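> You'll find structure-v1.txt just under this line, and it carries compact mmCIF, C-alpha atoms.
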# COMPACT_ATOMS: atom_id res chain seq x y z
CA MET W 1 70.99 102.98 111.50
CA GLN W 2 70.79 103.32 107.75
CA ILE W 3 70.66 100.63 105.07
CA ILE W 4 71.78 101.75 101.62
CA VAL W 5 70.98 99.25 98.87
CA THR W 6 73.11 99.56 95.74
CA ASN W 7 73.02 97.82 92.38
CA ASP W 8 76.27 95.89 92.62
CA ILE W 9 79.79 95.98 94.08
CA ASN W 10 80.84 98.78 91.71
CA ASP W 11 77.86 100.95 92.61
CA LEU W 12 78.36 100.17 96.29
CA SER W 13 82.03 101.16 96.15
CA ILE W 14 81.39 104.44 94.33
CA LYS W 15 78.61 105.56 96.61
CA CYS W 16 80.52 104.55 99.72
CA ALA W 17 83.64 106.35 98.48
CA ASP W 18 81.63 109.53 97.93
CA TRP W 19 80.19 109.26 101.42
CA ILE W 20 83.60 108.62 103.02
CA VAL W 21 85.07 111.71 101.35
CA GLN W 22 82.24 113.84 102.72
CA TYR W 23 82.41 112.28 106.16
CA ILE W 24 86.17 112.81 106.47
CA GLU W 25 85.78 116.42 105.39
CA LYS W 26 83.06 116.93 108.01
CA ILE W 27 85.16 115.52 110.86
CA LEU W 28 88.30 117.41 109.87
CA LYS W 29 86.44 120.70 110.11
CA THR W 30 86.43 120.34 113.88
CA SER W 31 89.33 117.93 114.49
CA ASP W 32 93.02 117.92 113.60
CA ARG W 33 92.94 114.22 112.69
CA PHE W 34 90.68 111.49 111.35
CA THR W 35 91.06 107.92 112.62
CA ILE W 36 89.85 104.99 110.58
CA ALA W 37 89.96 101.22 111.07
CA LEU W 38 90.11 99.48 107.70
CA SER W 39 88.64 96.12 106.82
CA GLY W 40 90.39 93.26 105.11
CA GLY W 41 88.68 90.73 102.87
CA THR W 42 87.60 90.98 99.26
CA THR W 43 84.66 93.42 99.37
CA PRO W 44 86.58 96.61 100.30
CA LYS W 45 89.27 96.17 97.62
CA LYS W 46 87.25 98.05 95.02
CA LEU W 47 86.61 100.85 97.52
CA TYR W 48 90.31 101.20 98.33
CA GLN W 49 91.21 101.21 94.65
CA LEU W 50 88.70 103.99 94.07
CA LEU W 51 89.93 106.09 96.99
CA SER W 52 93.48 105.86 95.67
CA SER W 53 92.47 106.69 92.09
CA ASP W 54 92.85 110.06 90.40
CA LYS W 55 89.14 110.74 90.91
CA TYR W 56 89.29 110.59 94.71
CA ARG W 57 92.91 110.82 95.84
CA ASN W 58 93.05 114.62 95.88
CA LYS W 59 89.72 114.98 97.67
CA ILE W 60 91.15 113.74 100.99
CA ASP W 61 93.82 115.28 103.21
CA TRP W 62 95.71 112.02 103.69
CA THR W 63 98.34 113.63 105.92
CA ARG W 64 95.71 113.98 108.66
CA ILE W 65 94.39 110.43 108.41
CA HIS W 66 95.50 107.86 110.99
CA PHE W 67 95.03 104.30 109.74
CA PHE W 68 94.30 101.17 111.73
CA ILE W 69 93.12 97.67 110.87
CA GLY W 70 90.18 95.66 112.15
CA ASP W 71 91.72 92.20 112.18
CA GLU W 72 94.55 90.15 110.77
CA ARG W 73 95.38 86.60 109.85
CA TYR W 74 98.57 85.47 111.53
CA VAL W 75 100.53 85.00 108.32
CA PRO W 76 103.62 86.90 107.12
CA PHE W 77 103.11 90.32 105.57
CA SER W 78 104.32 88.83 102.28
CA HIS W 79 101.48 86.26 102.32
CA ALA W 80 98.60 86.79 99.88
CA ARG W 81 96.04 86.43 102.70
CA ASN W 82 97.58 89.11 104.90
CA ASN W 83 95.00 91.88 105.28
CA GLY W 84 97.62 94.54 105.89
CA ARG W 85 99.38 93.70 102.65
CA MET W 86 96.13 94.04 100.67
CA ILE W 87 95.39 97.42 102.27
CA VAL W 88 98.91 98.70 101.65
CA GLU W 89 98.95 97.57 98.02
CA THR W 90 95.49 98.86 97.10
CA LEU W 91 95.46 102.09 99.12
CA LEU W 92 98.23 103.15 101.46
CA ASN W 93 101.11 102.86 98.98
CA LEU W 94 99.13 104.91 96.46
CA VAL W 95 98.22 107.94 98.58
CA PRO W 96 100.42 110.39 100.55
CA ALA W 97 99.78 108.69 103.88
CA ARG W 98 102.31 109.29 106.64
CA LYS W 99 104.05 106.08 107.66
CA GLU W 100 104.01 107.02 111.33
CA GLN W 101 100.22 107.26 111.13
CA ILE W 102 99.77 103.73 109.73
CA HIS W 103 99.21 101.06 112.38
CA LEU W 104 98.97 97.49 111.14
CA MET W 105 98.90 94.37 113.28
CA ARG W 106 102.27 92.66 113.47
CA THR W 107 102.64 89.02 112.47
CA ASP W 108 106.39 88.79 113.01
CA ILE W 109 105.94 88.32 116.77
CA GLU W 110 103.76 85.96 118.79
CA PRO W 111 100.00 86.51 118.27
CA GLU W 112 99.34 87.32 121.91
CA THR W 113 102.21 89.80 122.01
CA SER W 114 100.95 91.40 118.81
CA ALA W 115 97.48 91.84 120.32
CA THR W 116 98.95 93.36 123.50
CA GLU W 117 101.11 95.79 121.52
CA TYR W 118 98.20 96.85 119.35
CA GLU W 119 95.98 97.47 122.35
CA LYS W 120 98.66 99.75 123.82
CA VAL W 121 98.68 101.77 120.60
CA LEU W 122 94.90 102.11 120.67
CA ARG W 123 94.68 103.12 124.32
CA ASN W 124 97.32 105.76 123.69
CA TYR W 125 95.26 107.14 120.81
CA PHE W 126 91.92 106.86 122.56
CA PRO W 127 92.26 107.61 126.30
CA ASP W 128 88.53 108.37 126.44
CA ILE W 129 86.96 104.93 126.28
CA ASN W 130 83.67 106.49 125.22
CA HIS W 131 85.04 107.47 121.81
CA SER W 132 87.49 105.51 119.69
CA PHE W 133 87.80 105.61 115.91
CA ASP W 134 86.03 108.20 113.81
CA LEU W 135 85.11 105.43 111.38
CA VAL W 136 85.31 101.63 111.35
CA LEU W 137 84.82 99.75 108.09
CA LEU W 138 83.53 96.21 108.51
CA GLY W 139 82.66 93.26 106.32
CA LEU W 140 80.32 90.33 106.81
CA GLY W 141 81.20 86.69 106.26
CA ASP W 142 78.80 84.10 104.92
CA ASN W 143 78.62 82.70 108.47
CA ALA W 144 77.70 86.14 109.85
CA HIS W 145 81.16 86.81 111.28
CA THR W 146 82.70 90.26 111.22
CA LEU W 147 86.27 91.21 112.09
CA SER W 148 87.62 87.91 113.42
CA LEU W 149 84.56 87.38 115.58
CA PHE W 150 83.42 83.93 114.52
CA PRO W 151 80.42 81.85 115.65
CA GLY W 152 81.15 79.84 118.76
CA TYR W 153 84.25 81.72 119.98
CA PRO W 154 84.39 83.59 123.32
CA VAL W 155 86.19 86.58 121.75
CA THR W 156 82.84 87.75 120.39
CA PHE W 157 81.69 88.48 123.95
CA GLU W 158 84.90 90.12 125.19
CA LYS W 159 84.05 93.09 127.39
CA THR W 160 87.45 94.36 128.62
CA ASP W 161 90.24 93.81 126.10
CA TRP W 162 90.20 95.90 122.94
CA VAL W 163 92.37 93.45 120.99
CA GLN W 164 92.67 89.70 121.30
CA SER W 165 94.35 86.81 119.54
CA PHE W 166 93.00 83.28 119.31
CA PHE W 167 93.35 80.11 117.26
CA LEU W 168 90.65 79.70 114.62
CA LYS W 169 90.24 75.95 114.39
CA GLU W 170 88.32 75.99 111.11
CA GLU W 171 91.24 77.62 109.30
CA HIS W 172 94.08 76.23 111.44
CA ILE W 173 95.42 79.71 111.94
CA PHE W 174 95.75 82.35 114.63
CA ARG W 175 93.76 85.54 114.27
CA ILE W 176 94.25 88.96 115.85
CA THR W 177 91.16 91.13 116.10
CA LEU W 178 89.59 94.24 117.50
CA THR W 179 86.79 93.43 119.90
CA ALA W 180 83.30 94.81 120.38
CA PRO W 181 84.12 97.33 123.18
CA VAL W 182 86.52 99.44 121.08
CA VAL W 183 84.50 99.11 117.86
CA ASN W 184 81.20 100.03 119.49
CA ALA W 185 82.85 103.19 120.86
CA ALA W 186 83.53 104.43 117.32
CA GLY W 187 81.97 107.61 116.04
CA CYS W 188 80.63 105.76 113.03
CA ILE W 189 80.55 102.18 111.71
CA ALA W 190 80.04 101.17 108.09
CA PHE W 191 79.43 97.61 106.93
CA LEU W 192 80.15 96.73 103.29
CA VAL W 193 78.29 93.62 102.12
CA SER W 194 78.24 92.33 98.55
CA GLY W 195 77.27 89.15 96.75
CA SER W 196 74.58 86.49 96.89
CA GLU W 197 76.79 84.30 99.11
CA LYS W 198 76.23 86.87 101.90
CA MET W 199 72.44 86.88 101.47
CA ALA W 200 71.57 84.40 104.23
CA ALA W 201 74.04 85.91 106.70
CA LEU W 202 72.71 89.42 106.15
CA TYR W 203 69.12 88.24 106.49
CA ASN W 204 69.89 86.37 109.71
CA VAL W 205 71.75 89.30 111.29
CA PHE W 206 68.76 91.57 110.72
CA THR W 207 65.83 89.24 111.33
CA LYS W 208 66.88 86.55 113.79
CA GLU W 209 66.60 86.92 117.54
CA HIS W 210 69.71 88.50 119.10
CA ASN W 211 72.24 85.67 119.32
CA PRO W 212 75.82 86.89 118.71
CA GLY W 213 77.17 83.45 119.55
CA LEU W 214 75.56 82.29 116.31
CA TYR W 215 75.51 85.60 114.41
CA PRO W 216 78.56 87.52 115.70
CA ALA W 217 77.89 90.66 113.62
CA GLN W 218 74.93 91.31 115.93
CA ILE W 219 77.39 92.23 118.70
CA ILE W 220 78.28 95.39 116.76
CA GLN W 221 75.93 97.94 118.28
CA PRO W 222 77.63 101.36 118.43
CA PHE W 223 76.89 103.43 121.51
CA ASN W 224 75.62 106.35 119.42
CA ASP W 225 73.77 104.16 116.89
CA GLU W 226 75.70 105.74 114.00
CA ILE W 227 75.87 102.72 111.73
CA TYR W 228 75.53 102.33 107.98
CA TRP W 229 74.99 99.15 106.03
CA TRP W 230 76.16 99.47 102.43
CA VAL W 231 74.74 96.40 100.68
CA ASP W 232 74.17 95.43 97.07
CA LYS W 233 70.98 93.89 95.71
CA ALA W 234 72.47 90.43 95.53
CA ALA W 235 73.26 90.42 99.25
CA ALA W 236 70.00 92.14 100.22
CA SER W 237 67.60 90.14 98.03
CA ASP W 238 66.04 88.23 100.93
CA LEU W 239 65.59 91.43 102.94
CA LEU W 240 63.92 93.17 99.99
CA GLN W 241 61.21 90.54 99.59
What does the file become when written as structure tokens?

Amino acid sequence: MQIIVTNDINDLSIKCADWIVQYIEKILKTSDRFTIALSGGTTPKKLYQLLSSDKYRNKIDWTRIHFFIGDERYVPFSHARNNGRMIVETLLNLVPARKEQIHLMRTDIEPETSATEYEKVLRNYFPDINHSFDLVLLGLGDNAHTLSLFPGYPVTFEKTDWVQSFFLKEEHIFRITLTAPVVNAAGCIAFLVSGSEKMAALYNVFTKEHNPGLYPAQIIQPFNDEIYWWVDKAAASDLLQ
């Protein structure tokens, strides 16, 4: 595990973008494809905008990248809170990604059906359950949730299904999410955490006794321990004391 402390969200995004470019290049030297699960939320927007900019766009062989998503709010694609829409608008529409290699979670069918369909896609891509994505990007909520693994919900402890849907009472909305088994089988995991509002959550995930029911991000423990935490000083201030 590595913790990389950056000055702010801009510094975090630049350094993470540089690292992603190098990591993709490394994997593609020995593989014909690179699989990545992208995160929704506000923190990765700057990263996606950078990767699709003139500075970075030509440094990646986008035709060999296969895109997935970590979780989704069950709202129409046209909705402002749809993670897939944000990812498409800030990244995928701006790079030469192949449409057949983009796999978003559907919200035009029932949540449970969407989760089942997405799991079928993943198991077709990753028949070896010991290795899934090459890279998973994750965020951290101010309540220590990641993906749609929220405190107090059984989905955090799922051991069999790779994708599940459930009703998030606090937001009165269904969520569709990857689960710990498929994420922990990834070749590499990278958390992006920015802002003082994440300070307590980050501190608790690192310092409190293992209790994923209260701090769900603690359930993310990749089998090969290849995990990076990209955090800015505002989020890491308690840890740095």
> Between atom CA of Leu38 of chain W and atom CA of Leu137 of chain W, what is the distance in Å, rounded to a tenth?
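One can read the atom CA of Leu38 of chain W to atom CA of Leu137 of chain W distance as 5.3 Å.
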> Counting all atoms listed in the file, which residue out of W:Leu50, W:Ala235, W:Ile176, W:Ala17 sits closest to Val155 of chain W?
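Among the listed residues, the smallest separation from Val155 of chain W belongs to W:Ile176.
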> To test the calculation: enclose all listed atoms of segment 102-111 of chain W in a box whose edges run along x, y and z, add 5 Å on each side, then state centre and edge lengths in Å to one decimal, as AutoDock Vina command-line options.

--center_x 102.6 --center_y 94.8 --center_z 114.3 --size_x 17.5 --size_y 27.8 --size_z 19.1
> State, in Å with one decimal place, the distance from atom CA of Leu51 of chain W to atom CA of Ala190 of chain W.
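Computed distance, atom CA of Leu51 of chain W to atom CA of Ala190 of chain W, equals 15.7 Å.
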> Neighbouring residues of Ile60 of chain W were defined as those with any atom within 12 Å, considering only C-alpha atoms; residues of the same chain fewer than 4 positions away were excluded. Please report them as a ChimeraX atom specification.
/W:17-28,33-34,51-56,64-65,95-97
> With distances taken over all atoms listed in the file, which of W:Leu140, W:Glu110, W:Leu91, W:Phe223 is nearest to Tyr203 of chain W?
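Looking at the shortest contact to Tyr203 of chain W, the residue is W:Leu140.
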> Could you check the closest approach to Met199 of chain W for each of W:Pro127, W:Asp142, W:Thr116, W:Asp61 and tell me which residue wins, using only C-alpha atoms?
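Comparing W:Pro127, W:Asp142, W:Thr116, W:Asp61 against Met199 of chain W, the winner is W:Asp142.
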> Have a look at W:Thr30, W:Thr42, W:Asn130, W:Thr179 and name the one nearest to Pro154 of chain W; count only C-alpha atoms.
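Residue with the minimum atom-to-atom distance to Pro154 of chain W: W:Thr179.
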> Between atom CA of Asn204 of chain W and atom CA of Trp230 of chain W, what distance in Å does the model show, to one decimal?
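Computed distance, atom CA of Asn204 of chain W to atom CA of Trp230 of chain W, equals 16.2 Å.
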> Find the spatial neighbours of Asp108 of chain W, counting all atoms listed in the file, within a cut-off of 9 Å - ignore same-chain residues fewer than 2 positions away - and output them as a VMD selection string.
chain W and resid 74 to 77 106 110 to 111 114
> Closest to Leu47 of chain W among W:Ile87, W:Val205, W:Leu149, W:Leu122, using all atoms listed in the file?
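Checking each of W:Ile87, W:Val205, W:Leu149, W:Leu122 against Leu47 of chain W, counting all atoms listed in the file, the winner is W:Ile87.
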> Restricting the calculation to only C-alpha atoms, which member of W:Ile14, W:Ile9, W:Val193, W:Leu214 is positioned closest to Trp229 of chain W?
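Among the listed residues, W:Val193 lies closest to Trp229 of chain W.
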> List the neighbours of Ile189 of chain W out to 10 Å using all atoms listed in the file; skip same-chain residues closer than 3 positions along the sequence, and give me the result as a ChimeraX atom specification.
/W:1,36-37,133-138,183-186,220-222,225-229
> How about completing segment 110-123 of chain W with N, CA and C atoms and giving it to me as an mmCIF file, in the frame of the given file?

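Dumped to part-v7.cif:
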data_model
loop_
_atom_site.group_PDB
_atom_site.id
_atom_site.type_symbol
_atom_site.label_atom_id
_atom_site.label_comp_id
_atom_site.auth_asym_id
_atom_site.auth_seq_id
_atom_site.Cartn_x
_atom_site.Cartn_y
_atom_site.Cartn_z
ATOM 1 N N GLU W 110 104.815 86.882 118.373
ATOM 2 C CA GLU W 110 103.760 85.960 118.790
ATOM 3 C C GLU W 110 102.389 86.648 118.745
ATOM 4 N N PRO W 111 101.327 85.908 118.389
ATOM 5 C CA PRO W 111 100.000 86.510 118.270
ATOM 6 C C PRO W 111 99.553 87.264 119.518
ATOM 7 N N GLU W 112 99.761 86.677 120.671
ATOM 8 C CA GLU W 112 99.340 87.320 121.910
ATOM 9 C C GLU W 112 100.107 88.613 122.152
ATOM 10 N N THR W 113 101.400 88.598 121.857
ATOM 11 C CA THR W 113 102.210 89.800 122.010
ATOM 12 C C THR W 113 101.761 90.875 121.031
ATOM 13 N N SER W 114 101.439 90.466 119.821
ATOM 14 C CA SER W 114 100.950 91.400 118.810
ATOM 15 C C SER W 114 99.660 92.072 119.278
ATOM 16 N N ALA W 115 98.746 91.285 119.830
ATOM 17 C CA ALA W 115 97.480 91.840 120.320
ATOM 18 C C ALA W 115 97.729 92.823 121.460
ATOM 19 N N THR W 116 98.635 92.476 122.370
ATOM 20 C CA THR W 116 98.950 93.360 123.500
ATOM 21 C C THR W 116 99.554 94.669 123.014
ATOM 22 N N GLU W 117 100.478 94.582 122.068
ATOM 23 C CA GLU W 117 101.110 95.790 121.520
ATOM 24 C C GLU W 117 100.083 96.678 120.835
ATOM 25 N N TYR W 118 99.183 96.070 120.091
ATOM 26 C CA TYR W 118 98.200 96.850 119.350
ATOM 27 C C TYR W 118 97.226 97.539 120.304
ATOM 28 N N GLU W 119 96.866 96.849 121.360
ATOM 29 C CA GLU W 119 95.980 97.470 122.350
ATOM 30 C C GLU W 119 96.643 98.682 122.983
ATOM 31 N N LYS W 120 97.947 98.603 123.246
ATOM 32 C CA LYS W 120 98.660 99.750 123.820
ATOM 33 C C LYS W 120 98.607 100.948 122.878
ATOM 34 N N VAL W 121 98.765 100.696 121.589
ATOM 35 C CA VAL W 121 98.680 101.770 120.600
ATOM 36 C C VAL W 121 97.293 102.419 120.646
ATOM 37 N N LEU W 122 96.269 101.593 120.679
ATOM 38 C CA LEU W 122 94.900 102.110 120.670
ATOM 39 C C LEU W 122 94.583 102.912 121.927
ATOM 40 N N ARG W 123 95.003 102.413 123.071
ATOM 41 C CA ARG W 123 94.680 103.120 124.320
ATOM 42 C C ARG W 123 95.467 104.421 124.432
#
